[in-house]
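Just final27.csv here, CSV, C-alpha atoms:
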```csv
chain,number,residue,atom,x,y,z
G,35,MET,CA,0.0,0.0,0.0
G,36,ASN,CA,1.4,3.3,-1.0
G,37,ALA,CA,0.3,6.9,-0.3
G,38,ASP,CA,-0.8,7.3,-4.0
G,39,GLU,CA,-3.2,4.4,-3.7
G,40,LEU,CA,-4.6,5.8,-0.4
G,41,THR,CA,-5.1,9.2,-2.1
G,42,VAL,CA,-6.9,7.6,-5.0
G,43,LEU,CA,-9.2,5.6,-2.7
G,44,ARG,CA,-10.0,8.7,-0.6
G,45,GLN,CA,-10.9,10.6,-3.8
G,46,GLU,CA,-13.1,7.8,-5.0
G,47,ALA,CA,-14.8,7.6,-1.6
G,48,LEU,CA,-15.8,11.2,-2.1
G,49,SER,CA,-17.2,10.5,-5.6
G,50,THR,CA,-20.8,11.2,-6.5
G,51,ASP,CA,-20.8,7.8,-8.2
G,52,TRP,CA,-22.3,5.6,-5.5
G,53,GLU,CA,-20.7,2.3,-6.7
G,54,LYS,CA,-17.3,3.9,-6.9
G,55,ALA,CA,-17.6,5.4,-3.5
G,56,LYS,CA,-18.9,2.2,-2.0
G,57,THR,CA,-16.1,0.2,-3.6
G,58,ALA,CA,-13.4,2.6,-2.3
G,59,CYS,CA,-14.7,2.4,1.3
G,60,ALA,CA,-14.9,-1.4,1.1
G,61,ARG,CA,-11.3,-1.5,-0.2
G,62,LEU,CA,-10.2,0.8,2.6
G,63,CYS,CA,-11.9,-1.4,5.1
G,64,GLU,CA,-10.0,-4.4,3.9
G,65,MET,CA,-6.6,-2.8,4.3
G,66,PRO,CA,-5.1,-3.7,7.7
G,67,ASN,CA,-2.9,-0.6,8.0
G,68,ASP,CA,-3.5,2.4,10.2
G,69,GLU,CA,-3.4,4.8,7.2
G,70,ALA,CA,-6.5,3.2,5.7
G,71,LEU,CA,-8.2,3.4,9.1
G,72,ASN,CA,-7.3,7.1,9.3
G,73,VAL,CA,-8.8,7.8,5.9
G,74,LEU,CA,-12.1,6.2,6.9
G,75,ILE,CA,-12.1,8.1,10.1
G,76,ASP,CA,-11.4,11.4,8.2
G,77,LEU,CA,-14.3,10.7,5.9
G,78,LEU,CA,-16.6,11.0,9.0
G,79,GLU,CA,-16.0,14.7,8.9
G,80,GLN,CA,-17.3,15.1,5.3
G,81,PRO,CA,-20.4,17.2,4.8
G,82,THR,CA,-22.2,14.6,2.7
G,83,PRO,CA,-24.3,12.1,4.8
G,84,ARG,CA,-23.7,9.4,2.2
G,85,THR,CA,-20.0,9.7,2.5
G,86,ARG,CA,-20.1,9.6,6.3
G,87,ASN,CA,-22.5,6.6,6.1
G,88,LEU,CA,-20.2,4.7,3.8
G,89,ALA,CA,-17.3,5.4,6.0
G,90,ALA,CA,-19.3,4.3,9.1
G,91,LEU,CA,-20.3,1.1,7.5
G,92,ALA,CA,-16.7,0.3,6.6
G,93,LEU,CA,-15.6,1.1,10.1
G,94,ARG,CA,-18.4,-1.2,11.4
G,95,GLU,CA,-17.1,-4.0,9.1
G,96,ARG,CA,-13.5,-3.3,10.1
G,97,ALA,CA,-14.4,-3.6,13.8
G,98,ASP,CA,-11.4,-1.6,15.0
G,99,SER,CA,-12.4,0.0,18.3
G,100,ARG,CA,-10.0,2.9,17.7
G,101,ALA,CA,-12.9,4.3,15.7
G,102,VAL,CA,-15.3,4.6,18.7
G,103,ALA,CA,-14.1,8.2,19.7
G,104,PRO,CA,-14.2,9.6,16.2
G,105,LEU,CA,-17.6,8.1,15.6
G,106,LEU,CA,-19.0,9.5,18.8
G,107,MET,CA,-17.6,12.9,17.8
G,108,ALA,CA,-19.3,12.7,14.4
G,109,ILE,CA,-22.5,11.5,16.1
G,110,ARG,CA,-22.5,14.6,18.4
G,111,ASN,CA,-21.8,17.0,15.6
G,112,PRO,CA,-25.0,19.2,15.5
G,113,GLY,CA,-24.9,19.2,11.7
G,114,ASN,CA,-25.3,15.4,11.7
G,115,HIS,CA,-28.2,15.4,14.2
G,116,SER,CA,-30.8,13.9,11.8
G,117,TYR,CA,-28.2,11.9,9.8
G,118,ASN,CA,-26.3,9.9,12.4
G,119,GLY,CA,-28.2,6.6,12.8
G,120,THR,CA,-25.7,4.7,10.6
G,121,MET,CA,-22.8,6.0,12.7
G,122,VAL,CA,-24.5,4.7,15.8
G,123,TYR,CA,-25.1,1.4,14.0
G,124,ALA,CA,-21.4,1.2,13.4
G,125,LEU,CA,-20.8,1.2,17.2
G,126,GLN,CA,-22.4,-2.2,17.5
G,127,THR,CA,-19.2,-4.1,16.4
G,128,LEU,CA,-16.9,-1.9,18.4
G,129,ASP,CA,-16.0,-2.1,22.1
G,130,CYS,CA,-18.1,0.6,23.8
G,131,ARG,CA,-17.5,-0.6,27.3
G,132,HIS,CA,-16.2,2.7,28.5
G,133,HIS,CA,-18.9,4.8,26.8
G,134,LEU,CA,-22.1,4.2,28.7
G,135,LYS,CA,-22.7,7.9,29.3
G,136,ASP,CA,-22.2,8.6,25.6
G,137,LEU,CA,-24.7,6.0,24.6
G,138,PHE,CA,-27.3,7.4,27.0
G,139,GLU,CA,-26.7,10.9,25.6
G,140,ILE,CA,-27.5,9.4,22.2
G,141,LEU,CA,-30.6,7.8,23.7
G,142,PHE,CA,-31.7,11.0,25.3
G,143,TYR,CA,-30.9,13.6,22.7
G,144,GLU,CA,-30.5,12.1,19.2
G,145,SER,CA,-33.0,11.2,16.5
G,146,TYR,CA,-35.2,8.1,16.5
G,147,GLU,CA,-33.0,5.9,14.3
G,148,ALA,CA,-29.9,6.8,16.5
G,149,LYS,CA,-31.9,6.0,19.6
G,150,LEU,CA,-32.8,2.6,18.3
G,151,MET,CA,-29.2,1.8,17.4
G,152,ALA,CA,-28.1,3.0,20.8
G,153,MET,CA,-30.6,0.7,22.5
G,154,THR,CA,-29.2,-2.3,20.6
G,155,VAL,CA,-25.6,-1.4,21.7
G,156,LEU,CA,-26.8,-1.1,25.3
G,157,GLU,CA,-28.5,-4.5,25.1
G,158,GLU,CA,-25.7,-6.3,23.4
G,159,GLN,CA,-22.5,-5.0,25.1
G,160,GLU,CA,-21.2,-5.0,28.7
G,161,PHE,CA,-20.1,-1.8,30.2
G,162,GLU,CA,-17.7,-0.5,32.9
G,163,PHE,CA,-19.0,2.5,34.8
G,164,THR,CA,-18.8,4.4,38.0
G,165,VAL,CA,-21.4,5.6,40.5
G,166,ASP,CA,-20.8,9.1,39.1
G,167,ASP,CA,-21.6,7.9,35.6
G,168,LEU,CA,-24.9,6.5,36.8
G,169,THR,CA,-25.7,9.6,38.8
G,170,SER,CA,-25.0,11.7,35.7
G,171,ILE,CA,-27.3,9.5,33.6
G,172,LYS,CA,-30.0,9.7,36.2
G,173,HIS,CA,-29.7,13.5,36.4
G,174,GLN,CA,-29.9,13.8,32.6
G,175,TRP,CA,-33.0,11.6,32.5
G,176,ASP,CA,-34.7,13.5,35.2
G,177,ASN,CA,-33.9,16.7,33.3
G,178,CYS,CA,-35.4,15.2,30.1
G,179,LYS,CA,-38.6,14.2,32.0
G,180,ALA,CA,-38.8,17.7,33.5
G,181,HIS,CA,-38.2,19.3,30.0
G,182,PRO,CA,-39.4,16.8,27.4
G,183,THR,CA,-38.6,19.1,24.5
G,184,LEU,CA,-34.9,18.4,25.2
G,185,CYS,CA,-35.4,14.8,24.4
G,186,HIS,CA,-36.2,14.2,20.7
G,187,GLY,CA,-39.3,12.1,20.3
G,188,PHE,CA,-39.8,12.0,24.1
G,189,ASP,CA,-43.5,10.9,24.0
G,190,GLU,CA,-42.8,8.0,21.6
G,191,ASN,CA,-39.6,6.8,23.3
G,192,HIS,CA,-40.2,7.6,27.0
G,193,GLU,CA,-41.0,4.0,28.0
G,194,ASN,CA,-38.1,2.4,26.1
G,195,ILE,CA,-35.6,5.0,27.5
G,196,GLU,CA,-36.9,4.5,31.0
G,197,TYR,CA,-36.5,0.7,30.6
G,198,PHE,CA,-32.7,1.2,30.0
G,199,VAL,CA,-32.3,3.9,32.6
G,200,ASP,CA,-34.0,1.8,35.3
G,201,GLY,CA,-31.9,-1.2,34.3
G,202,PHE,CA,-28.7,0.6,34.9
G,203,MET,CA,-30.0,2.5,38.0
G,204,SER,CA,-30.5,-0.9,39.7
G,205,TYR,CA,-26.7,-0.9,40.1
G,206,LEU,CA,-27.0,2.1,42.4
G,207,GLU,CA,-29.2,0.1,44.8
G,208,GLU,CA,-26.6,-2.6,45.3
```

Since I need it in another form, could you write the structure as structure tokens?
Amino acid sequence: MNADELTVLRQEALSTDWEKAKTACARLCEMPNDEALNVLIDLLEQPTPRTRNLAALALRERADSRAVAPLLMAIRNPGNHSYNGTMVYALQTLDCRHHLKDLFEILFYESYEAKLMAMTVLEEQEFEFTVDDLTSIKHQWDNCKAHPTLCHGFDENHENIEYFVDGFMSYLEE
């Protein structure tokens, strides 16, 4: 793998030609080197949701947990608010054990699709957390209940969110 090939694949990943972009991201996913991983991570910063989604899907497939922090940063980007479900989906194959608070923030404040994907991660993975983490989550949830407009789709998602909050709050009672 040389720098020229990475440059070409990055340019192809940015292409308006869907197949070309998809093929480039798939090829970057298959490359075991850090440079290819960095190109995929850099693509998360692109303004086009399609490019970000292709990069997120490739990162999901690659399953390299070094992508967790950049994915979370892209998910939190206010410009991606309604276009971040695929990025949350990518987290399912990554080790999120230290990101319980981040997943609850997605559950509380992001769009419906992102909430659903966060629920899946919360169900499938095991987490390491502190009492302070749980207290912060409880405080955020209490704030959402007091101000439902803060929580996107509060009325539709209230029961599901409460299920997850209550499940983790049980650790405070032990």

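Note that CA of Pro83 in chain G and CA of Ser116 in chain G are 9.7 Å apart.
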
* Quick one, how far is CA of Glu144 in chain G from CA of Gln174 in chain G? ->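 Rounded to one decimal, the two atoms are 13.5 Å apart.
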
* Asked: Between G:Leu150, G:Cys63, G:Leu91, G:Val165, which one has atoms that come closest to Glu190 in chain G, using all atoms listed in the file?
  -> G:Leu150

If we count only C-alpha atoms and set the cut-off at 9 Å, which residues sit around range 122-135 of chain G, ignoring sequence neighbours fewer than 6 positions away in its own chain? Please answer as an mmCIF file with C-alpha atoms, in the coordinates of the input.
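Output file around.cif follows:
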```
data_model
loop_
_atom_site.group_PDB
_atom_site.id
_atom_site.type_symbol
_atom_site.label_atom_id
_atom_site.label_comp_id
_atom_site.auth_asym_id
_atom_site.auth_seq_id
_atom_site.Cartn_x
_atom_site.Cartn_y
_atom_site.Cartn_z
ATOM 1 C CA ALA G 90 -19.300 4.300 9.100
ATOM 2 C CA LEU G 91 -20.300 1.100 7.500
ATOM 3 C CA ALA G 92 -16.700 0.300 6.600
ATOM 4 C CA LEU G 93 -15.600 1.100 10.100
ATOM 5 C CA ARG G 94 -18.400 -1.200 11.400
ATOM 6 C CA GLU G 95 -17.100 -4.000 9.100
ATOM 7 C CA ARG G 96 -13.500 -3.300 10.100
ATOM 8 C CA ALA G 97 -14.400 -3.600 13.800
ATOM 9 C CA ASP G 98 -11.400 -1.600 15.000
ATOM 10 C CA SER G 99 -12.400 0.000 18.300
ATOM 11 C CA ARG G 100 -10.000 2.900 17.700
ATOM 12 C CA ALA G 101 -12.900 4.300 15.700
ATOM 13 C CA VAL G 102 -15.300 4.600 18.700
ATOM 14 C CA LEU G 105 -17.600 8.100 15.600
ATOM 15 C CA LEU G 106 -19.000 9.500 18.800
ATOM 16 C CA ILE G 109 -22.500 11.500 16.100
ATOM 17 C CA GLU G 147 -33.000 5.900 14.300
ATOM 18 C CA ALA G 148 -29.900 6.800 16.500
ATOM 19 C CA LYS G 149 -31.900 6.000 19.600
ATOM 20 C CA LEU G 150 -32.800 2.600 18.300
ATOM 21 C CA MET G 151 -29.200 1.800 17.400
ATOM 22 C CA ALA G 152 -28.100 3.000 20.800
ATOM 23 C CA THR G 154 -29.200 -2.300 20.600
ATOM 24 C CA VAL G 155 -25.600 -1.400 21.700
ATOM 25 C CA LEU G 156 -26.800 -1.100 25.300
ATOM 26 C CA GLU G 158 -25.700 -6.300 23.400
ATOM 27 C CA GLN G 159 -22.500 -5.000 25.100
ATOM 28 C CA GLU G 160 -21.200 -5.000 28.700
ATOM 29 C CA PHE G 161 -20.100 -1.800 30.200
ATOM 30 C CA GLU G 162 -17.700 -0.500 32.900
ATOM 31 C CA PHE G 163 -19.000 2.500 34.800
ATOM 32 C CA ASP G 167 -21.600 7.900 35.600
ATOM 33 C CA LEU G 168 -24.900 6.500 36.800
ATOM 34 C CA SER G 170 -25.000 11.700 35.700
ATOM 35 C CA ILE G 171 -27.300 9.500 33.600
#
```

What residues have an atom no more than 12 Å from (-25.4, 18.1, 12.7) in the file's own frame, counting all atoms listed in the file, and can you write them as a PDB file with C-alpha atoms, in the frame of the given file?
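Once everything was written out, this is part-v6.pdb:
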```pdb
ATOM      1  CA  LEU G  78     -16.600  11.000   9.000  1.00  0.00           C
ATOM      2  CA  GLU G  79     -16.000  14.700   8.900  1.00  0.00           C
ATOM      3  CA  GLN G  80     -17.300  15.100   5.300  1.00  0.00           C
ATOM      4  CA  PRO G  81     -20.400  17.200   4.800  1.00  0.00           C
ATOM      5  CA  THR G  82     -22.200  14.600   2.700  1.00  0.00           C
ATOM      6  CA  PRO G  83     -24.300  12.100   4.800  1.00  0.00           C
ATOM      7  CA  ARG G  86     -20.100   9.600   6.300  1.00  0.00           C
ATOM      8  CA  MET G 107     -17.600  12.900  17.800  1.00  0.00           C
ATOM      9  CA  ALA G 108     -19.300  12.700  14.400  1.00  0.00           C
ATOM     10  CA  ILE G 109     -22.500  11.500  16.100  1.00  0.00           C
ATOM     11  CA  ARG G 110     -22.500  14.600  18.400  1.00  0.00           C
ATOM     12  CA  ASN G 111     -21.800  17.000  15.600  1.00  0.00           C
ATOM     13  CA  PRO G 112     -25.000  19.200  15.500  1.00  0.00           C
ATOM     14  CA  GLY G 113     -24.900  19.200  11.700  1.00  0.00           C
ATOM     15  CA  ASN G 114     -25.300  15.400  11.700  1.00  0.00           C
ATOM     16  CA  HIS G 115     -28.200  15.400  14.200  1.00  0.00           C
ATOM     17  CA  SER G 116     -30.800  13.900  11.800  1.00  0.00           C
ATOM     18  CA  TYR G 117     -28.200  11.900   9.800  1.00  0.00           C
ATOM     19  CA  ASN G 118     -26.300   9.900  12.400  1.00  0.00           C
ATOM     20  CA  GLY G 119     -28.200   6.600  12.800  1.00  0.00           C
ATOM     21  CA  GLU G 144     -30.500  12.100  19.200  1.00  0.00           C
ATOM     22  CA  SER G 145     -33.000  11.200  16.500  1.00  0.00           C
TER      23      SER G 145
END
```

* To do: Tell me, as a ChimeraX atom specification, which residues lie within 8 Å of range 194-199 of chain G, counting only C-alpha atoms; anything in the same chain fewer than 6 positions away does not count.
  => /G:141-142,153,156,171-172,175

Counting all atoms listed in the file, which residues come within 12 Å of (-15.7, 5.7, -0.8), with the point read in the file's coordinates, and could you list them as a PDB file with C-alpha atoms, keeping the file's coordinate frame?
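For reference, result-v2.pdb as written:
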```
ATOM      1  CA  LEU G  40      -4.600   5.800  -0.400  1.00  0.00           C
ATOM      2  CA  THR G  41      -5.100   9.200  -2.100  1.00  0.00           C
ATOM      3  CA  VAL G  42      -6.900   7.600  -5.000  1.00  0.00           C
ATOM      4  CA  LEU G  43      -9.200   5.600  -2.700  1.00  0.00           C
ATOM      5  CA  ARG G  44     -10.000   8.700  -0.600  1.00  0.00           C
ATOM      6  CA  GLN G  45     -10.900  10.600  -3.800  1.00  0.00           C
ATOM      7  CA  GLU G  46     -13.100   7.800  -5.000  1.00  0.00           C
ATOM      8  CA  ALA G  47     -14.800   7.600  -1.600  1.00  0.00           C
ATOM      9  CA  LEU G  48     -15.800  11.200  -2.100  1.00  0.00           C
ATOM     10  CA  SER G  49     -17.200  10.500  -5.600  1.00  0.00           C
ATOM     11  CA  THR G  50     -20.800  11.200  -6.500  1.00  0.00           C
ATOM     12  CA  ASP G  51     -20.800   7.800  -8.200  1.00  0.00           C
ATOM     13  CA  TRP G  52     -22.300   5.600  -5.500  1.00  0.00           C
ATOM     14  CA  GLU G  53     -20.700   2.300  -6.700  1.00  0.00           C
ATOM     15  CA  LYS G  54     -17.300   3.900  -6.900  1.00  0.00           C
ATOM     16  CA  ALA G  55     -17.600   5.400  -3.500  1.00  0.00           C
ATOM     17  CA  LYS G  56     -18.900   2.200  -2.000  1.00  0.00           C
ATOM     18  CA  THR G  57     -16.100   0.200  -3.600  1.00  0.00           C
ATOM     19  CA  ALA G  58     -13.400   2.600  -2.300  1.00  0.00           C
ATOM     20  CA  CYS G  59     -14.700   2.400   1.300  1.00  0.00           C
ATOM     21  CA  ALA G  60     -14.900  -1.400   1.100  1.00  0.00           C
ATOM     22  CA  ARG G  61     -11.300  -1.500  -0.200  1.00  0.00           C
ATOM     23  CA  LEU G  62     -10.200   0.800   2.600  1.00  0.00           C
ATOM     24  CA  CYS G  63     -11.900  -1.400   5.100  1.00  0.00           C
ATOM     25  CA  ALA G  70      -6.500   3.200   5.700  1.00  0.00           C
ATOM     26  CA  VAL G  73      -8.800   7.800   5.900  1.00  0.00           C
ATOM     27  CA  LEU G  74     -12.100   6.200   6.900  1.00  0.00           C
ATOM     28  CA  ILE G  75     -12.100   8.100  10.100  1.00  0.00           C
ATOM     29  CA  ASP G  76     -11.400  11.400   8.200  1.00  0.00           C
ATOM     30  CA  LEU G  77     -14.300  10.700   5.900  1.00  0.00           C
ATOM     31  CA  LEU G  78     -16.600  11.000   9.000  1.00  0.00           C
ATOM     32  CA  GLN G  80     -17.300  15.100   5.300  1.00  0.00           C
ATOM     33  CA  THR G  82     -22.200  14.600   2.700  1.00  0.00           C
ATOM     34  CA  ARG G  84     -23.700   9.400   2.200  1.00  0.00           C
ATOM     35  CA  THR G  85     -20.000   9.700   2.500  1.00  0.00           C
ATOM     36  CA  ARG G  86     -20.100   9.600   6.300  1.00  0.00           C
ATOM     37  CA  ASN G  87     -22.500   6.600   6.100  1.00  0.00           C
ATOM     38  CA  LEU G  88     -20.200   4.700   3.800  1.00  0.00           C
ATOM     39  CA  ALA G  89     -17.300   5.400   6.000  1.00  0.00           C
ATOM     40  CA  ALA G  90     -19.300   4.300   9.100  1.00  0.00           C
ATOM     41  CA  LEU G  91     -20.300   1.100   7.500  1.00  0.00           C
ATOM     42  CA  ALA G  92     -16.700   0.300   6.600  1.00  0.00           C
ATOM     43  CA  LEU G  93     -15.600   1.100  10.100  1.00  0.00           C
TER      44      LEU G  93
END
```

* Asked: Which residue gives the smallest distance to Tyr205 in chain G among G:Asp189, G:Asn67, G:Thr164, G:Asn177, with all atoms listed in the file counted?
  ->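 Using all atoms listed in the file, the shortest distance to Tyr205 in chain G belongs to G:Thr164.
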
* Would you mind reading off the distance between CA of Cys185 in chain G and CA of Tyr143 in chain G, one decimal, in Å? =>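 So the answer is 5.0 Å.
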
* Hey, which of G:Thr183, G:Asp176, G:Ala37, G:Glu157 ends up closest to Gly201 in chain G? Count all atoms listed in the file. -> G:Glu157
